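Trainee: So I've got this file, coords18.txt, and it contains compact mmCIF, N, CA and C atoms:
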```txt
# COMPACT_ATOMS: atom_id res chain seq x y z
N TYR I 30 0.15 -5.93 11.88
CA TYR I 30 1.20 -6.11 10.90
C TYR I 30 0.76 -7.02 9.75
N TRP I 31 -0.55 -7.10 9.55
CA TRP I 31 -1.09 -7.95 8.51
C TRP I 31 -0.48 -7.68 7.12
N PRO I 32 -0.29 -6.43 6.70
CA PRO I 32 0.31 -6.22 5.37
C PRO I 32 1.69 -6.85 5.19
N ASP I 33 2.45 -7.01 6.27
CA ASP I 33 3.74 -7.69 6.15
C ASP I 33 3.54 -9.19 6.00
N ILE I 34 2.61 -9.76 6.73
CA ILE I 34 2.31 -11.19 6.59
C ILE I 34 1.71 -11.48 5.22
N ALA I 35 0.91 -10.54 4.71
CA ALA I 35 0.23 -10.72 3.42
C ALA I 35 1.21 -10.78 2.26
N ARG I 36 2.46 -10.42 2.49
CA ARG I 36 3.46 -10.50 1.41
C ARG I 36 3.62 -11.93 0.90
N ASP I 37 3.25 -12.89 1.70
CA ASP I 37 3.33 -14.29 1.28
C ASP I 37 2.18 -14.70 0.37
N TYR I 38 1.22 -13.82 0.16
CA TYR I 38 0.05 -14.12 -0.66
C TYR I 38 -0.02 -13.11 -1.80
N GLU I 39 0.21 -13.59 -3.02
CA GLU I 39 0.33 -12.70 -4.18
C GLU I 39 -0.86 -11.75 -4.33
N GLU I 40 -2.06 -12.20 -4.03
CA GLU I 40 -3.24 -11.35 -4.22
C GLU I 40 -3.27 -10.16 -3.25
N TYR I 41 -2.50 -10.23 -2.17
CA TYR I 41 -2.47 -9.13 -1.19
C TYR I 41 -1.12 -8.41 -1.13
N ASP I 42 -0.09 -8.96 -1.76
CA ASP I 42 1.24 -8.38 -1.68
C ASP I 42 1.30 -7.06 -2.46
N ARG I 43 1.76 -6.02 -1.79
CA ARG I 43 1.91 -4.70 -2.40
C ARG I 43 3.30 -4.18 -2.01
N PRO I 44 4.36 -4.62 -2.71
CA PRO I 44 5.73 -4.29 -2.30
C PRO I 44 6.03 -2.80 -2.19
N THR I 45 5.55 -2.00 -3.11
CA THR I 45 5.91 -0.58 -3.09
C THR I 45 5.10 0.23 -2.10
N TRP I 46 3.99 -0.28 -1.64
CA TRP I 46 3.12 0.48 -0.73
C TRP I 46 3.81 0.82 0.58
N HIS I 47 4.81 0.09 0.96
CA HIS I 47 5.47 0.27 2.26
C HIS I 47 6.48 1.41 2.26
N PHE I 48 6.81 1.95 1.10
CA PHE I 48 7.90 2.92 0.99
C PHE I 48 7.46 4.19 0.27
N GLN I 49 8.18 5.27 0.52
CA GLN I 49 7.92 6.51 -0.20
C GLN I 49 8.97 6.77 -1.27
N LEU I 50 10.19 6.36 -1.07
CA LEU I 50 11.25 6.65 -2.02
C LEU I 50 11.77 5.37 -2.66
N GLY I 51 11.96 5.42 -3.97
CA GLY I 51 12.47 4.26 -4.69
C GLY I 51 13.83 3.82 -4.23
N ALA I 52 14.67 4.76 -3.78
CA ALA I 52 16.03 4.41 -3.33
C ALA I 52 16.00 3.41 -2.19
N CYS I 53 14.99 3.46 -1.36
CA CYS I 53 14.88 2.54 -0.24
C CYS I 53 14.64 1.11 -0.71
N MET I 54 14.03 0.97 -1.88
CA MET I 54 13.64 -0.34 -2.35
C MET I 54 14.75 -1.05 -3.10
N THR I 55 15.81 -0.35 -3.49
CA THR I 55 16.82 -0.96 -4.33
C THR I 55 17.73 -1.92 -3.57
N MET I 56 17.63 -1.96 -2.25
CA MET I 56 18.46 -2.86 -1.47
C MET I 56 17.97 -4.30 -1.53
N GLY I 57 16.71 -4.52 -1.87
CA GLY I 57 16.16 -5.86 -1.90
C GLY I 57 15.92 -6.34 -3.32
N ASP I 58 15.08 -7.32 -3.44
CA ASP I 58 14.72 -7.87 -4.74
C ASP I 58 13.83 -6.88 -5.46
N THR I 59 14.28 -6.35 -6.57
CA THR I 59 13.50 -5.35 -7.31
C THR I 59 12.78 -5.94 -8.52
N SER I 60 12.78 -7.24 -8.64
CA SER I 60 12.16 -7.86 -9.82
C SER I 60 10.66 -7.60 -9.90
N LYS I 61 10.00 -7.38 -8.76
CA LYS I 61 8.55 -7.13 -8.77
C LYS I 61 8.21 -5.65 -8.62
N ILE I 62 9.24 -4.78 -8.66
CA ILE I 62 9.02 -3.37 -8.37
C ILE I 62 9.29 -2.50 -9.58
N SER I 63 8.35 -1.63 -9.88
CA SER I 63 8.53 -0.61 -10.90
C SER I 63 8.15 0.72 -10.25
N ILE I 64 9.09 1.65 -10.22
CA ILE I 64 8.87 2.91 -9.51
C ILE I 64 7.83 3.76 -10.25
N PRO I 65 6.78 4.21 -9.56
CA PRO I 65 5.75 5.04 -10.19
C PRO I 65 6.34 6.35 -10.70
N ALA I 66 5.75 6.89 -11.77
CA ALA I 66 6.22 8.15 -12.36
C ALA I 66 6.08 9.31 -11.39
N ASP I 67 4.97 9.38 -10.67
CA ASP I 67 4.73 10.47 -9.73
C ASP I 67 4.43 9.87 -8.36
N PRO I 68 5.35 10.01 -7.41
CA PRO I 68 5.18 9.34 -6.12
C PRO I 68 4.20 10.00 -5.16
N ILE I 69 3.57 11.09 -5.55
CA ILE I 69 2.67 11.80 -4.65
C ILE I 69 1.21 11.68 -5.09
N VAL I 70 0.93 11.96 -6.35
CA VAL I 70 -0.45 12.00 -6.84
C VAL I 70 -0.98 10.59 -7.04
N LEU I 71 -2.14 10.32 -6.46
CA LEU I 71 -2.79 9.02 -6.63
C LEU I 71 -3.37 8.93 -8.04
N PRO I 72 -2.99 7.92 -8.81
CA PRO I 72 -3.57 7.76 -10.15
C PRO I 72 -5.09 7.62 -10.07
N VAL I 73 -5.79 8.21 -11.02
CA VAL I 73 -7.26 8.22 -10.98
C VAL I 73 -7.83 6.82 -11.08
N ASP I 74 -7.14 5.90 -11.71
CA ASP I 74 -7.66 4.55 -11.88
C ASP I 74 -7.18 3.58 -10.78
N ALA I 75 -6.53 4.10 -9.75
CA ALA I 75 -6.01 3.24 -8.69
C ALA I 75 -7.14 2.61 -7.88
N ASP I 76 -6.93 1.34 -7.54
CA ASP I 76 -7.84 0.65 -6.64
C ASP I 76 -7.02 -0.27 -5.74
N MET I 77 -7.65 -1.04 -4.92
CA MET I 77 -6.94 -1.88 -3.95
C MET I 77 -6.08 -2.96 -4.62
N ASP I 78 -6.28 -3.20 -5.90
CA ASP I 78 -5.46 -4.17 -6.62
C ASP I 78 -4.25 -3.53 -7.29
N THR I 79 -4.16 -2.21 -7.26
CA THR I 79 -3.04 -1.51 -7.89
C THR I 79 -1.75 -1.83 -7.14
N GLN I 80 -0.78 -2.35 -7.85
CA GLN I 80 0.48 -2.77 -7.23
C GLN I 80 1.45 -1.62 -7.02
N GLU I 81 1.60 -0.76 -7.99
CA GLU I 81 2.69 0.21 -8.00
C GLU I 81 2.27 1.57 -7.46
N LEU I 82 2.18 1.65 -6.13
CA LEU I 82 1.92 2.91 -5.45
C LEU I 82 2.97 3.11 -4.38
N TYR I 83 3.28 4.37 -4.11
CA TYR I 83 4.12 4.68 -2.96
C TYR I 83 3.23 4.79 -1.74
N VAL I 84 3.84 4.88 -0.57
CA VAL I 84 3.10 4.86 0.68
C VAL I 84 2.06 6.00 0.76
N LEU I 85 2.40 7.21 0.33
CA LEU I 85 1.43 8.30 0.43
C LEU I 85 0.25 8.10 -0.52
N GLN I 86 0.52 7.56 -1.69
CA GLN I 86 -0.56 7.25 -2.62
C GLN I 86 -1.45 6.15 -2.05
N ALA I 87 -0.82 5.11 -1.52
CA ALA I 87 -1.58 3.99 -0.95
C ALA I 87 -2.40 4.44 0.25
N LEU I 88 -1.84 5.32 1.05
CA LEU I 88 -2.57 5.83 2.21
C LEU I 88 -3.81 6.61 1.78
N GLU I 89 -3.67 7.44 0.76
CA GLU I 89 -4.83 8.17 0.25
C GLU I 89 -5.89 7.21 -0.30
N LEU I 90 -5.45 6.22 -1.06
CA LEU I 90 -6.37 5.22 -1.61
C LEU I 90 -7.12 4.49 -0.49
N CYS I 91 -6.39 4.01 0.50
CA CYS I 91 -7.02 3.25 1.58
C CYS I 91 -7.97 4.12 2.40
N ASN I 92 -7.63 5.37 2.59
CA ASN I 92 -8.55 6.29 3.28
C ASN I 92 -9.85 6.46 2.49
N ARG I 93 -9.74 6.55 1.18
CA ARG I 93 -10.94 6.66 0.33
C ARG I 93 -11.80 5.41 0.45
N VAL I 94 -11.15 4.25 0.37
CA VAL I 94 -11.89 2.98 0.45
C VAL I 94 -12.54 2.84 1.81
N LEU I 95 -11.80 3.14 2.85
CA LEU I 95 -12.31 3.00 4.22
C LEU I 95 -13.47 3.95 4.50
N SER I 96 -13.41 5.15 3.97
CA SER I 96 -14.46 6.14 4.26
C SER I 96 -15.71 5.98 3.41
N ASN I 97 -15.65 5.16 2.37
CA ASN I 97 -16.82 4.95 1.51
C ASN I 97 -17.64 3.77 2.05
N LYS I 98 -18.75 4.08 2.67
CA LYS I 98 -19.58 3.05 3.30
C LYS I 98 -20.28 2.14 2.30
N ASP I 99 -20.18 2.47 1.01
CA ASP I 99 -20.74 1.60 -0.03
C ASP I 99 -19.81 0.44 -0.37
N ASN I 100 -18.56 0.53 0.05
CA ASN I 100 -17.61 -0.56 -0.20
C ASN I 100 -17.93 -1.74 0.73
N PRO I 101 -17.66 -2.96 0.27
CA PRO I 101 -17.92 -4.14 1.11
C PRO I 101 -17.10 -4.08 2.40
N PRO I 102 -17.64 -4.60 3.49
CA PRO I 102 -16.91 -4.59 4.77
C PRO I 102 -15.54 -5.25 4.68
N GLU I 103 -15.43 -6.30 3.88
CA GLU I 103 -14.14 -7.00 3.75
C GLU I 103 -13.09 -6.07 3.15
N GLN I 104 -13.47 -5.31 2.14
CA GLN I 104 -12.54 -4.39 1.49
C GLN I 104 -12.17 -3.24 2.43
N ARG I 105 -13.13 -2.77 3.18
CA ARG I 105 -12.87 -1.69 4.14
C ARG I 105 -11.96 -2.19 5.27
N ALA I 106 -12.10 -3.44 5.68
CA ALA I 106 -11.25 -4.00 6.72
C ALA I 106 -9.79 -4.09 6.25
N ILE I 107 -9.60 -4.52 5.01
CA ILE I 107 -8.25 -4.57 4.46
C ILE I 107 -7.67 -3.16 4.37
N ALA I 108 -8.48 -2.21 3.94
CA ALA I 108 -8.02 -0.82 3.86
C ALA I 108 -7.63 -0.30 5.24
N MET I 109 -8.40 -0.65 6.26
CA MET I 109 -8.08 -0.20 7.62
C MET I 109 -6.74 -0.79 8.08
N CYS I 110 -6.50 -2.06 7.80
CA CYS I 110 -5.21 -2.67 8.15
C CYS I 110 -4.07 -1.92 7.47
N TRP I 111 -4.27 -1.57 6.21
CA TRP I 111 -3.24 -0.84 5.49
C TRP I 111 -3.03 0.56 6.05
N VAL I 112 -4.09 1.27 6.39
CA VAL I 112 -3.95 2.63 6.93
C VAL I 112 -3.07 2.61 8.18
N VAL I 113 -3.37 1.73 9.10
CA VAL I 113 -2.59 1.65 10.34
C VAL I 113 -1.14 1.28 10.04
N HIS I 114 -0.95 0.31 9.16
CA HIS I 114 0.39 -0.15 8.83
C HIS I 114 1.19 0.94 8.11
N LEU I 115 0.57 1.62 7.16
CA LEU I 115 1.28 2.65 6.40
C LEU I 115 1.68 3.83 7.26
N ILE I 116 0.83 4.21 8.18
CA ILE I 116 1.19 5.30 9.10
C ILE I 116 2.41 4.90 9.93
N ALA I 117 2.44 3.65 10.36
CA ALA I 117 3.61 3.17 11.11
C ALA I 117 4.85 3.14 10.21
N ASP I 118 4.69 2.67 8.96
CA ASP I 118 5.83 2.64 8.04
C ASP I 118 6.41 4.03 7.81
N LEU I 119 5.57 5.03 7.73
CA LEU I 119 6.05 6.39 7.51
C LEU I 119 6.96 6.89 8.62
N HIS I 120 6.85 6.29 9.77
CA HIS I 120 7.68 6.70 10.91
C HIS I 120 9.04 5.98 10.93
N LEU I 121 9.24 5.07 10.02
CA LEU I 121 10.52 4.34 9.95
C LEU I 121 11.44 5.04 8.95
N PRO I 122 12.64 5.40 9.36
CA PRO I 122 13.54 6.18 8.49
C PRO I 122 13.80 5.56 7.12
N CYS I 123 13.94 4.26 7.05
CA CYS I 123 14.24 3.63 5.76
C CYS I 123 13.00 3.50 4.86
N HIS I 124 11.83 3.75 5.42
CA HIS I 124 10.61 3.67 4.63
C HIS I 124 10.21 5.01 4.05
N SER I 125 10.53 6.09 4.74
CA SER I 125 10.08 7.39 4.30
C SER I 125 11.22 8.28 3.84
```
Will you turn the file into structure tokens for me?

Mentor:
Amino acid sequence: YWPDIARDYEEYDRPTWHFQLGACMTMGDTSKISIPADPIVLPVDADMDTQELYVLQALELCNRVLSNKDNPPEQRAIAMCWVVHLIADLHLPCHS
């Protein structure tokens, strides 16, 4: 559950990554959230620092990072934590 704990650290906090639909996010503090234009397609310039992704976009990004053996181990480890977490989030009704 590292991505939930990481919310306390601005450099790792990714509020929109946990959800697929913007409607789910409107119940909380939306001051840090801007709903992406296309919730499915991963933007070509997306990287692990990209804040505004939905869960399916973030999952695709993290899979790319994790599968690229040229990426630093630290970055791949963070991507792996996100992959596991995002798959679990997708199974929660209010997240997907």

Trainee: Quick one: everything within 8 Å of range 87-96 of chain I, counting only C-alpha atoms, minus sequence neighbours fewer than 2 positions away in the same chain. Send it as a PyMOL selection string.

Mentor: chain I and resi 46+71+75-77+82-85+98+100+104-106+108-109+111-112+115-116

Trainee: Which residue out of I:Ala35, I:Glu40, I:Thr45, I:Gln80 has the minimum interatomic distance to Asp118 in chain I when only C-alpha atoms are used?

Mentor: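 The closest residue to Asp118 in chain I is I:Thr45.
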
Trainee: What's the 8 Å shell around Tyr30 in chain I, counting all atoms listed in the file, without same-chain residues fewer than 4 positions away, as a PyMOL selection string?

Mentor: chain I and resi 34-35+110+113-114

Trainee: Record the distance separating atom C of Val70 in chain I and atom C of His120 in chain I, expressed in Å with one decimal.

Mentor: 21.1 Å

Trainee: In Å, rounded to a single decimal, give me how far CA of Asp33 in chain I is from CA of Ile69 in chain I.

Mentor: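 Separation between CA of Ile69 in chain I and CA of Asp33 in chain I: 22.3 Å.
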
Trainee: Padding of 4 Å on every side, edges along x, y and z, all listed atoms of range 85-100 of chain I included: what centre and edge lengths in Å, to one decimal, does that box have, as lines of an AutoDock Vina configuration file?

Mentor:
```
center_x = -9.2
center_y = 3.3
center_z = 0.9
size_x = 31.1
size_y = 18.0
size_z = 15.1
```

Trainee: Go ahead and compute the interatomic distance for CA of Leu121 in chain I and CA of Arg36 in chain I, in Å to one decimal.

Mentor: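 Computing the Euclidean distance for CA of Leu121 in chain I and CA of Arg36 in chain I yields 18.5 Å.
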